[in-house]
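Working notes, structure below.
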Amino acid sequence: MSRKKEEWGPHTHCIICGKAIPEGEKTCSKECSRKYEEELKQYKKQQKMSYLFIIVMVGMILVFFLASYFARG
């Protein structure tokens, strides 16, 4: 069996669909770029919600701790 060797040269792959693209680019088309922007927007929204949840939980723990501390004293 002989395999055909292909040399692509310097390239990367589209972060959405995986097609080979020139170095320095993230996506291969406008549609992939749009999908990437949507995913990035959703990720940032999810990250903000995670931070908000952590802040609320820490705040609740502090309130319960302080309430029990002052209730004893």
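Naming works like this for the structure tokens: A, B, ... for the chains as they're shown, residue 1 at the start of each chain, ligands 1 onward in shown order.
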
Strand (DSSP E) positions in chain A, given as a PyMOL selection string: chain A and resi 11-13+20-22

Helix (DSSP H, G or I) call set, DSSP backbone run, chain A, as a PyMOL selection string: chain A and resi 30-72

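The gap separating atom CA of A:Lys45 from atom CA of A:Gly24 is 26.5 Å, in Å to one decimal.
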
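What separates atom CA of A:Lys30 from atom CA of A:Gln46 is a distance of 24.2 Å.
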
Closest of A:Met49, A:Ile55, A:Cys14, A:Leu66 to A:Lys26 - atom-to-atom distances counting only C-alpha atoms: A:Cys14

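Comparing A:Ala71, A:Ile21, A:Val58, A:Ile15 by their smallest distance to A:Lys35, the closest is A:Ile15 (using only C-alpha atoms).
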